[in-house]
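Data block for target20.txt (compact mmCIF, C-alpha atoms):
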```
# COMPACT_ATOMS: atom_id res chain seq x y z
CA MET A 1 64.09 -23.42 21.96
CA PRO A 2 66.90 -24.31 19.55
CA ILE A 3 69.21 -21.66 18.12
CA HIS A 4 67.79 -20.21 14.92
CA VAL A 5 68.19 -17.22 12.65
CA LEU A 6 65.67 -14.48 13.32
CA PRO A 7 63.30 -13.48 10.51
CA GLU A 8 64.45 -10.38 8.67
CA GLU A 9 61.58 -8.22 9.94
CA VAL A 10 62.32 -9.17 13.56
CA ALA A 11 66.05 -8.53 13.19
CA SER A 12 65.33 -5.18 11.55
CA ALA A 13 62.99 -4.11 14.35
CA ILE A 14 65.59 -5.02 16.97
CA ALA A 15 68.35 -3.17 15.14
CA ALA A 16 66.09 -0.17 14.66
CA GLY A 17 65.79 0.17 18.43
CA GLU A 18 69.43 1.25 18.57
CA VAL A 19 68.88 4.09 16.12
CA VAL A 20 65.22 5.05 16.64
CA GLU A 21 64.61 5.43 20.36
CA ARG A 22 61.85 8.04 20.13
CA PRO A 23 60.37 10.59 17.68
CA ALA A 24 63.25 12.99 18.36
CA SER A 25 65.64 10.30 17.11
CA VAL A 26 63.80 10.29 13.79
CA VAL A 27 63.97 14.08 13.56
CA LYS A 28 67.71 14.05 14.32
CA GLU A 29 68.54 11.48 11.65
CA LEU A 30 66.48 13.26 9.00
CA ILE A 31 67.88 16.70 9.84
CA GLU A 32 71.42 15.35 9.61
CA ASN A 33 70.65 13.77 6.23
CA ALA A 34 69.30 17.11 5.03
CA ILE A 35 72.40 18.97 6.22
CA ASP A 36 74.64 16.42 4.50
CA ALA A 37 72.60 16.99 1.31
CA GLY A 38 73.50 20.68 1.35
CA ALA A 39 70.05 21.98 2.30
CA THR A 40 69.56 25.71 2.81
CA ARG A 41 66.08 25.21 4.24
CA ILE A 42 64.71 22.44 6.48
CA ASP A 43 61.03 22.28 7.43
CA ILE A 44 59.83 19.93 10.19
CA LEU A 45 56.19 19.05 10.76
CA ILE A 46 55.10 17.12 13.87
CA GLU A 47 51.74 15.62 14.87
CA THR A 48 50.89 14.08 18.27
CA GLY A 49 54.44 14.45 19.50
CA GLY A 50 55.77 12.57 16.50
CA ARG A 51 53.77 9.39 17.00
CA LYS A 52 51.32 10.11 14.20
CA LEU A 53 53.64 12.05 11.88
CA VAL A 54 57.20 13.30 11.57
CA GLN A 55 57.82 15.03 8.26
CA VAL A 56 61.11 16.63 7.27
CA SER A 57 61.42 18.53 4.00
CA ASP A 58 64.59 20.02 2.55
CA ASP A 59 65.85 21.70 -0.61
CA GLY A 60 69.08 19.71 -0.74
CA ALA A 61 70.66 17.70 -3.54
CA GLY A 62 67.97 15.02 -3.51
CA ILE A 63 68.24 11.28 -4.13
CA PRO A 64 68.36 10.01 -7.73
CA ALA A 65 65.43 7.77 -8.61
CA ASP A 66 67.69 4.79 -9.34
CA GLU A 67 69.22 5.06 -5.85
CA LEU A 68 66.01 5.42 -3.87
CA GLU A 69 65.59 1.71 -3.13
CA LEU A 70 69.20 1.54 -1.96
CA ALA A 71 68.60 4.53 0.31
CA VAL A 72 66.23 2.47 2.48
CA ALA A 73 68.43 -0.64 2.49
CA ARG A 74 70.44 -1.31 5.62
CA TYR A 75 74.13 -0.36 5.44
CA ALA A 76 73.69 1.40 2.10
CA THR A 77 75.43 4.77 2.15
CA SER A 78 77.16 7.24 -0.15
CA LYS A 79 79.44 8.46 2.64
CA LEU A 80 81.80 5.52 3.20
CA GLU A 81 83.73 3.23 0.90
CA SER A 82 86.13 1.43 3.24
CA ALA A 83 86.71 0.76 6.93
CA GLN A 84 89.51 3.34 6.85
CA ASP A 85 86.93 6.04 6.08
CA LEU A 86 85.49 5.53 9.59
CA PHE A 87 88.53 7.36 10.94
CA GLU A 88 88.09 10.36 8.65
CA ILE A 89 84.34 11.00 8.74
CA GLY A 90 83.40 14.41 7.43
CA THR A 91 79.62 13.97 7.27
CA LEU A 92 76.96 13.70 9.96
CA GLY A 93 75.55 10.44 8.63
CA PHE A 94 77.68 7.51 7.57
CA ARG A 95 76.27 4.19 8.79
CA GLY A 96 73.54 3.73 6.21
CA GLU A 97 71.14 2.66 8.96
CA ALA A 98 68.83 5.62 9.51
CA LEU A 99 66.22 5.26 6.77
CA ALA A 100 66.24 1.46 7.00
CA SER A 101 65.73 1.59 10.77
CA ILE A 102 62.97 4.19 10.52
CA GLY A 103 61.22 2.20 7.79
CA ALA A 104 61.36 -0.94 9.92
CA VAL A 105 59.18 0.58 12.66
CA SER A 106 56.90 2.98 10.79
CA ARG A 107 55.04 3.73 7.60
CA LEU A 108 57.67 5.63 5.68
CA GLU A 109 57.33 7.67 2.51
CA ILE A 110 60.18 9.34 0.63
CA ILE A 111 59.67 11.79 -2.22
CA SER A 112 62.91 13.04 -3.70
CA ARG A 113 64.18 14.76 -6.80
CA SER A 114 67.83 15.31 -7.64
CA GLN A 115 69.01 18.40 -9.47
CA HIS A 116 69.66 16.48 -12.69
CA GLU A 117 66.21 14.89 -12.99
CA SER A 118 63.04 16.35 -14.47
CA ALA A 119 60.71 14.45 -12.13
CA ALA A 120 60.77 13.23 -8.54
CA ALA A 121 60.52 9.65 -7.35
CA ARG A 122 58.33 8.26 -4.56
CA LEU A 123 58.95 5.17 -2.43
CA THR A 124 57.00 3.78 0.52
CA VAL A 125 58.21 1.39 3.20
CA GLU A 126 55.85 -0.21 5.71
CA GLY A 127 57.27 -2.19 8.59
CA GLY A 128 60.48 -2.80 6.65
CA LYS A 129 58.79 -3.87 3.42
CA ALA A 130 59.51 -1.53 0.52
CA GLY A 131 57.14 -0.87 -2.36
CA LYS A 132 57.98 0.11 -5.92
CA VAL A 133 59.56 3.38 -6.94
CA LYS A 134 57.07 5.61 -8.76
CA SER A 135 57.49 8.87 -10.63
CA ILE A 136 55.82 11.96 -9.19
CA GLY A 137 55.96 15.71 -9.62
CA ALA A 138 57.88 17.58 -6.91
CA PRO A 139 60.59 20.28 -6.62
CA GLN A 140 64.25 19.49 -6.06
CA GLY A 141 64.98 18.17 -2.60
CA THR A 142 63.57 15.50 -0.34
CA VAL A 143 60.44 15.06 1.75
CA VAL A 144 60.47 12.21 4.25
CA SER A 145 57.19 11.41 6.01
CA VAL A 146 57.22 9.00 8.95
CA ARG A 147 53.75 7.94 10.05
CA ASP A 148 52.55 5.71 12.88
CA LEU A 149 55.93 5.28 14.55
CA PHE A 150 56.28 1.90 16.31
CA PHE A 151 52.92 0.72 14.94
CA ASN A 152 54.38 -2.78 14.58
CA VAL A 153 56.33 -2.73 17.86
CA PRO A 154 53.60 -2.05 20.47
CA ALA A 155 55.96 -2.74 23.37
CA ARG A 156 57.98 0.33 22.36
CA LEU A 157 54.89 2.51 22.52
CA GLU A 158 54.43 1.62 26.18
CA PHE A 159 57.77 3.26 26.98
CA MET A 160 57.02 6.45 25.08
CA ARG A 161 56.86 9.63 27.11
CA THR A 162 53.93 12.02 27.01
CA GLU A 163 53.27 14.03 23.88
CA ARG A 164 54.37 17.15 25.72
CA THR A 165 57.72 15.59 26.61
CA GLU A 166 58.28 14.39 23.05
CA ARG A 167 57.44 17.83 21.66
CA ARG A 168 59.92 19.41 24.05
CA GLN A 169 62.66 16.97 23.01
CA ILE A 170 62.06 17.70 19.34
CA SER A 171 62.00 21.46 19.93
CA THR A 172 65.31 21.29 21.80
CA LEU A 173 66.87 19.26 19.01
CA VAL A 174 65.73 21.58 16.21
CA THR A 175 66.72 24.78 17.99
CA ARG A 176 70.20 23.49 18.80
CA TYR A 177 70.83 22.54 15.18
CA ALA A 178 69.57 25.96 14.15
CA LEU A 179 72.21 27.49 16.44
CA ALA A 180 74.91 25.26 14.98
CA TYR A 181 73.87 25.97 11.40
CA PRO A 182 72.61 29.57 11.33
CA GLN A 183 73.07 29.65 7.55
CA ILE A 184 70.21 27.14 7.21
CA ALA A 185 66.60 28.28 7.62
CA PHE A 186 64.77 25.98 10.04
CA SER A 187 61.01 25.82 10.51
CA LEU A 188 59.25 23.67 13.11
CA ARG A 189 55.48 23.22 13.25
CA GLN A 190 54.03 21.11 16.05
CA GLU A 191 50.33 20.29 16.28
CA ASP A 192 49.51 22.80 13.51
CA ARG A 193 51.33 25.62 15.32
CA GLN A 194 54.57 27.34 14.34
CA SER A 195 56.81 26.73 17.34
CA PHE A 196 60.17 27.83 15.93
CA GLN A 197 61.60 29.54 12.88
CA SER A 198 65.02 30.87 11.91
CA SER A 199 65.91 32.99 8.91
CA GLY A 200 69.00 31.18 7.68
CA ASN A 201 70.87 34.48 7.23
CA GLY A 202 73.87 33.31 9.27
CA ASN A 203 73.19 35.52 12.30
CA GLN A 204 73.82 33.17 15.22
CA LEU A 205 72.82 35.71 17.87
CA ALA A 206 69.50 36.24 16.12
CA VAL A 207 68.91 32.49 16.31
CA ALA A 208 69.84 32.61 20.00
CA ALA A 209 67.20 35.29 20.51
CA ALA A 210 64.61 33.03 18.90
CA VAL A 211 65.71 30.12 21.11
CA TYR A 212 66.31 31.78 24.49
CA GLY A 213 64.55 35.12 24.22
CA LEU A 214 66.02 38.53 23.43
CA GLU A 215 67.10 39.40 26.98
CA VAL A 216 69.10 36.19 27.47
CA ALA A 217 70.55 36.34 23.95
CA GLN A 218 71.84 39.87 24.55
CA SER A 219 73.62 38.70 27.68
CA LEU A 220 75.44 35.79 25.99
CA ILE A 221 79.20 36.14 25.64
CA PRO A 222 81.05 34.86 22.55
CA LEU A 223 84.09 32.82 23.52
CA ASN A 224 87.37 34.71 23.20
CA PRO A 225 89.32 33.31 20.24
CA MET A 226 92.44 31.39 21.14
CA ASP A 227 95.28 30.25 18.87
CA PRO A 228 93.66 29.73 15.43
CA ASP A 229 96.35 27.14 14.61
CA ALA A 230 95.62 25.03 17.69
CA PRO A 231 94.59 21.41 16.93
CA ILE A 232 91.37 21.93 18.92
CA HIS A 233 89.34 25.01 18.05
CA VAL A 234 86.60 26.00 20.52
CA THR A 235 83.98 28.63 19.71
CA GLY A 236 80.47 29.36 20.89
CA LEU A 237 78.38 31.31 23.36
CA ILE A 238 78.29 31.19 27.14
CA SER A 239 76.17 32.97 29.73
CA PRO A 240 77.49 35.36 32.34
CA PRO A 241 77.31 33.97 35.88
CA SER A 242 74.17 36.02 36.49
CA VAL A 243 72.31 33.94 33.89
CA ASN A 244 72.17 30.38 35.15
CA ARG A 245 69.95 27.32 35.39
CA SER A 246 69.03 24.68 37.97
CA ASN A 247 70.23 21.78 35.75
CA ARG A 248 72.78 20.95 33.05
CA ASN A 249 70.26 20.76 30.21
CA GLU A 250 71.28 24.10 28.69
CA MET A 251 74.87 23.03 28.06
CA THR A 252 75.08 21.95 24.42
CA PHE A 253 78.07 20.61 22.50
CA PHE A 254 78.76 20.16 18.81
CA VAL A 255 81.88 18.34 17.67
CA ASN A 256 82.70 18.86 13.99
CA GLY A 257 79.10 19.89 13.43
CA ARG A 258 77.61 16.91 15.28
CA TRP A 259 75.50 17.31 18.43
CA VAL A 260 77.05 15.08 21.09
CA GLN A 261 76.57 14.26 24.74
CA ASP A 262 79.78 14.02 26.70
CA SER A 263 80.13 14.27 30.47
CA SER A 264 83.77 15.36 30.30
CA LEU A 265 82.84 18.43 28.24
CA SER A 266 80.20 19.36 30.81
CA ALA A 267 82.78 18.91 33.57
CA ALA A 268 85.22 21.18 31.73
CA ILE A 269 82.66 23.98 31.61
CA LEU A 270 81.73 23.56 35.26
CA GLN A 271 85.39 23.70 36.24
CA ALA A 272 85.76 26.90 34.23
CA TYR A 273 82.82 28.43 36.14
CA HIS A 274 84.25 27.35 39.50
CA THR A 275 83.88 30.21 42.03
CA PHE A 276 81.59 32.05 39.59
CA LEU A 277 78.43 30.05 40.35
CA MET A 278 76.76 28.78 43.50
CA VAL A 279 76.61 25.03 44.05
CA GLY A 280 73.68 23.54 42.20
CA ARG A 281 73.55 26.26 39.54
CA TYR A 282 74.66 25.69 35.95
CA PRO A 283 75.52 27.98 33.04
CA LEU A 284 73.93 28.22 29.65
CA ALA A 285 76.46 27.32 26.94
CA VAL A 286 76.54 26.35 23.28
CA LEU A 287 80.02 25.18 22.32
CA PHE A 288 81.39 24.17 18.94
CA LEU A 289 84.56 22.09 18.84
CA GLU A 290 86.46 21.63 15.60
CA MET A 291 89.31 19.16 15.29
CA ALA A 292 90.81 16.75 12.79
CA PRO A 293 88.30 13.99 11.94
CA ASP A 294 90.80 11.29 12.88
CA SER A 295 91.15 12.70 16.41
CA VAL A 296 87.56 11.84 17.36
CA ASP A 297 85.74 8.52 17.04
CA VAL A 298 82.06 9.03 16.19
CA ASN A 299 81.49 5.34 15.53
CA VAL A 300 80.67 4.54 19.16
CA HIS A 301 76.89 4.10 19.15
CA PRO A 302 74.34 3.79 16.32
CA ALA A 303 72.59 6.95 17.52
CA LYS A 304 75.89 8.85 16.96
CA THR A 305 75.42 11.01 20.07
CA GLU A 306 78.47 9.60 21.86
CA VAL A 307 82.07 10.16 20.80
CA ARG A 308 85.54 9.24 21.99
CA PHE A 309 88.42 11.67 21.80
CA ARG A 310 91.88 10.42 20.96
CA GLN A 311 93.30 13.01 23.36
CA GLN A 312 90.62 13.36 26.01
CA ASN A 313 92.70 15.44 28.43
CA GLU A 314 93.69 17.92 25.73
CA VAL A 315 90.05 18.41 24.72
CA PHE A 316 89.05 18.94 28.36
CA SER A 317 91.83 21.47 28.86
CA ALA A 318 91.01 23.36 25.67
CA VAL A 319 87.37 23.82 26.66
CA GLN A 320 88.20 24.73 30.25
CA ARG A 321 90.85 27.28 29.24
CA VAL A 322 88.75 29.07 26.61
CA VAL A 323 85.66 29.32 28.80
CA ARG A 324 87.64 30.42 31.87
CA ALA A 325 89.61 33.02 29.93
CA THR A 326 86.39 34.43 28.49
CA LEU A 327 84.79 34.67 31.92
CA LEU A 328 87.83 36.39 33.39
CA GLY A 329 87.91 38.81 30.48
CA GLN A 330 84.19 39.57 30.89
CA VAL A 331 83.88 41.33 27.55
CA THR A 332 80.77 43.41 26.98
CA PRO A 333 78.30 41.17 25.18
CA PRO A 334 77.24 42.42 21.74
CA GLN A 335 73.70 43.62 21.07
CA VAL A 336 71.52 41.38 18.96
CA GLU A 337 70.53 42.93 15.65
CA LEU A 338 67.19 41.51 14.60
CA GLY A 339 65.98 44.11 12.14
CA ALA A 340 66.76 42.25 8.89
CA SER A 341 66.68 38.72 10.23
CA TRP A 342 63.05 37.77 9.88
```

Spit out the file's structure as structure tokens when you get a sec.
Amino acid sequence: MPIHVLPEEVASAIAAGEVVERPASVVKELIENAIDAGATRIDILIETGGRKLVQVSDDGAGIPADELELAVARYATSKLESAQDLFEIGTLGFRGEALASIGAVSRLEIISRSQHESAAARLTVEGGKAGKVKSIGAPQGTVVSVRDLFFNVPARLEFMRTERTERRQISTLVTRYALAYPQIAFSLRQEDRQSFQSSGNGNQLAVAAAVYGLEVAQSLIPLNPMDPDAPIHVTGLISPPSVNRSNRNEMTFFVNGRWVQDSSLSAAILQAYHTFLMVGRYPLAVLFLEMAPDSVDVNVHPAKTEVRFRQQNEVFSAVQRVVRATLLGQVTPPQVELGASW
């Protein structure tokens, strides 16, 4: 076969595979868009593990009607202007790929109204082909409905996990973002059942109680504050050695508000717990790292879950020191106050 340029719909489907790996990928991208839009409430609705429907609603700034078509175009974004901006990213989204990728492998509908408009706008995209923008009545904010994920890429469906596995992945994703953003009210309904809800009142320990249960939440230890002027600021919650797990899945990391997966951060925590835990046991931890945007590269993978640190050893040491010092201090964990949270 001679070399030839792929049709646009084929190229879009291939590119979408980098961003949209599973239903949880869709939820992640839409939640991050909602956070970037300044939402104070994010509602997620899931059917059949996300295959039939993923719907994310928010009360954020909304998308102006005259920008809606651009919103679903590949590499269209309001968050970057030049290549230099890639080294100073202050938002969760920035590539301009999410909505275009989702629309390439689903039946996508966006209804959005910005704060300066009297009516909302509606746009549908099916398999990468966008319709016309139409006016519709709706409150300020955005509702993105993703139906029949991978309907036009049947090979991808064969690699999908069970509905139960997909629901668990989505639940983990939503609850971790609720912990990272306790000032935002999150609601998750799966298969017509409320599976998670947070109040958005800023009480992180109350969110932890909703995620892990009251007994575990009451045992969690806030990290002891270190030098507030340090270039790497580490905060979060860790479990006492008596509360542990059989795998690493309960170690969660956010870097500048972005959920990331990084083996060196996990290793730093495990080193901090050295001599505190038996071999094969792992702590529960939710850590938040804040540092200058130009000291971390988030432009590593389209899914934005991998990062590179400019000073990897310093980041490792900062995490290890803070966690170890907190464990050695063994402060009495605070009691969770739930009375006015729900």

Distance in Å - CA of Val255 in chain A versus CA of Tyr181 in chain A: 12.7 Å

Which is closest to Ala208 in chain A among A:Leu270, A:Ile170, A:Arg324, A:Leu284, if we use all atoms listed in the file?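 Using all atoms listed in the file, the shortest distance to Ala208 in chain A belongs to A:Leu284.
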
If we count only C-alpha atoms, what is near Met251 in chain A at a cut-off of 9 Å, once residues fewer than 6 positions away on the same chain are taken out, given as JSON, numbers by chain? {"A": [238, 266, 269, 282, 283, 284, 285, 286, 287]}

Could you tell me, as a ChimeraX atom specification, which residues have any atom at most 12 Å from (62.3, 14.4, 0.2), counting all atoms listed in the file? /A:30-31,33-34,37,39,42-44,55-65,68,71,99,108-114,120-124,136-146

How would the residues just picked look written out with C-alpha atoms as a compact mmCIF listing (two decimals), keeping the file's coordinate frame?
```txt
# COMPACT_ATOMS: atom_id res chain seq x y z
CA LEU A 30 66.48 13.26 9.00
CA ILE A 31 67.88 16.70 9.84
CA ASN A 33 70.65 13.77 6.23
CA ALA A 34 69.30 17.11 5.03
CA ALA A 37 72.60 16.99 1.31
CA ALA A 39 70.05 21.98 2.30
CA ILE A 42 64.71 22.44 6.48
CA ASP A 43 61.03 22.28 7.43
CA ILE A 44 59.83 19.93 10.19
CA GLN A 55 57.82 15.03 8.26
CA VAL A 56 61.11 16.63 7.27
CA SER A 57 61.42 18.53 4.00
CA ASP A 58 64.59 20.02 2.55
CA ASP A 59 65.85 21.70 -0.61
CA GLY A 60 69.08 19.71 -0.74
CA ALA A 61 70.66 17.70 -3.54
CA GLY A 62 67.97 15.02 -3.51
CA ILE A 63 68.24 11.28 -4.13
CA PRO A 64 68.36 10.01 -7.73
CA ALA A 65 65.43 7.77 -8.61
CA LEU A 68 66.01 5.42 -3.87
CA ALA A 71 68.60 4.53 0.31
CA LEU A 99 66.22 5.26 6.77
CA LEU A 108 57.67 5.63 5.68
CA GLU A 109 57.33 7.67 2.51
CA ILE A 110 60.18 9.34 0.63
CA ILE A 111 59.67 11.79 -2.22
CA SER A 112 62.91 13.04 -3.70
CA ARG A 113 64.18 14.76 -6.80
CA SER A 114 67.83 15.31 -7.64
CA ALA A 120 60.77 13.23 -8.54
CA ALA A 121 60.52 9.65 -7.35
CA ARG A 122 58.33 8.26 -4.56
CA LEU A 123 58.95 5.17 -2.43
CA THR A 124 57.00 3.78 0.52
CA ILE A 136 55.82 11.96 -9.19
CA GLY A 137 55.96 15.71 -9.62
CA ALA A 138 57.88 17.58 -6.91
CA PRO A 139 60.59 20.28 -6.62
CA GLN A 140 64.25 19.49 -6.06
CA GLY A 141 64.98 18.17 -2.60
CA THR A 142 63.57 15.50 -0.34
CA VAL A 143 60.44 15.06 1.75
CA VAL A 144 60.47 12.21 4.25
CA SER A 145 57.19 11.41 6.01
CA VAL A 146 57.22 9.00 8.95
```

So how many Å separate CA of Leu188 in chain A and CA of Phe254 in chain A, to one decimal?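 According to the coordinates, CA of Leu188 in chain A and CA of Phe254 in chain A are separated by 20.6 Å.
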
So how many Å separate CA of Gln197 in chain A and CA of Ile102 in chain A, to one decimal?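 Separation of CA of Gln197 in chain A and CA of Ile102 in chain A: 25.5 Å.
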
In terms of the shortest atom-to-atom distance over only C-alpha atoms, which of A:Ala318, A:Leu179, A:Thr326, A:Tyr212 is closest to Gly200 in chain A?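 Between A:Ala318, A:Leu179, A:Thr326, A:Tyr212, the residue approaching Gly200 in chain A most closely is A:Leu179.
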
Between A:Arg245, A:Arg258, A:Arg281, A:Arg310, smallest distance to Ala180 in chain A by only C-alpha atoms belongs to A:Arg258

Pick out the residues sitting within 7 Å of range 218-233 of chain A, and hand them over as a list in words; count all atoms listed in the file, and ignore anything fewer than 2 positions along from it in its own chain.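 Within the cut-off, the hits are Leu214, Glu215, Val216, Thr235, Gly236, Leu237, Ile238, Ser239, Pro240, Leu289, Glu290, Met291, Val315, Ala318, Val322, Val323, Thr326, Pro333, Pro334, Gln335 and Val336 of chain A.
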
Taking only C-alpha atoms into account, which of A:Ser264, A:Gln183, A:Gln312, A:Ser171 comes nearest Val296 in chain A?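 Distance minimum relative to Val296 in chain A lands on A:Gln312.
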